[in-house]
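Step one of this worksheet: look at the structure below.
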Amino acid sequence: MAQQLVPTTTKITRKARPKPPVARRAHTLNEVAEILGIGSRTAWALIERGELRAVKVGGRTLVPVTELDRILDPERNARVARDA
């Protein structure tokens with residue numbers, strides 16, 4: 001008697017397409033602290049003093065990228081250094 005071959009099933013999956021990178025429009029407070037090289041308490045203090053604008057989304061505090069650009073602007077920093 002001949003041996004009967006039993007077909008095996010192979011699961012065929014689609015490869016996940018890589019998602020294009022999403023341009024972040026805001027960062028969390030911890031990310032901002034890391035970007036600026038300061039502690040998260042200092043970042044909070046900047047927000048409380050009105051030196052850094054932040055928005056609340058749900059329960060999260062987010063800082064828009066435009067605010068980071070404004071703070072890190074070389075021309076602004078040169079003016080601050082001159083005025084000091």
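So you can find residues: chains in the structure tokens are A, B, ... in the order shown, residues in each start at 1, and ligands are numbered from 1 in order.
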Env of segment 71-73 of chain A: 9 Å cut, atoms = only C-alpha atoms, seq-sep filter 5 positions within chain, self excluded. Answer as a VMD selection string.
chain A and resid 36 51 to 52 66 78
Using only C-alpha atoms, which protein or nucleic acid residues come within 9 Å of Ala26 of chain A? Drop anything in the same chain fewer than 2 positions from it, and give the result as number ranges by chain.
A: 24, 28, 62-67
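Secondary structure by DSSP on the backbone puts the following residues of segment 19-65 of chain A in strand (DSSP E or B): A:Ala26, A:His27, A:Thr28, A:Val55, A:Lys56, A:Val57, A:Arg60, A:Thr61, A:Leu62, A:Val63, A:Pro64.
Checking A:Thr13, A:Pro20, A:Ile38, A:His27 one by one against Ala54 of chain A, counting only C-alpha atoms, you find the shortest gap at A:His27.
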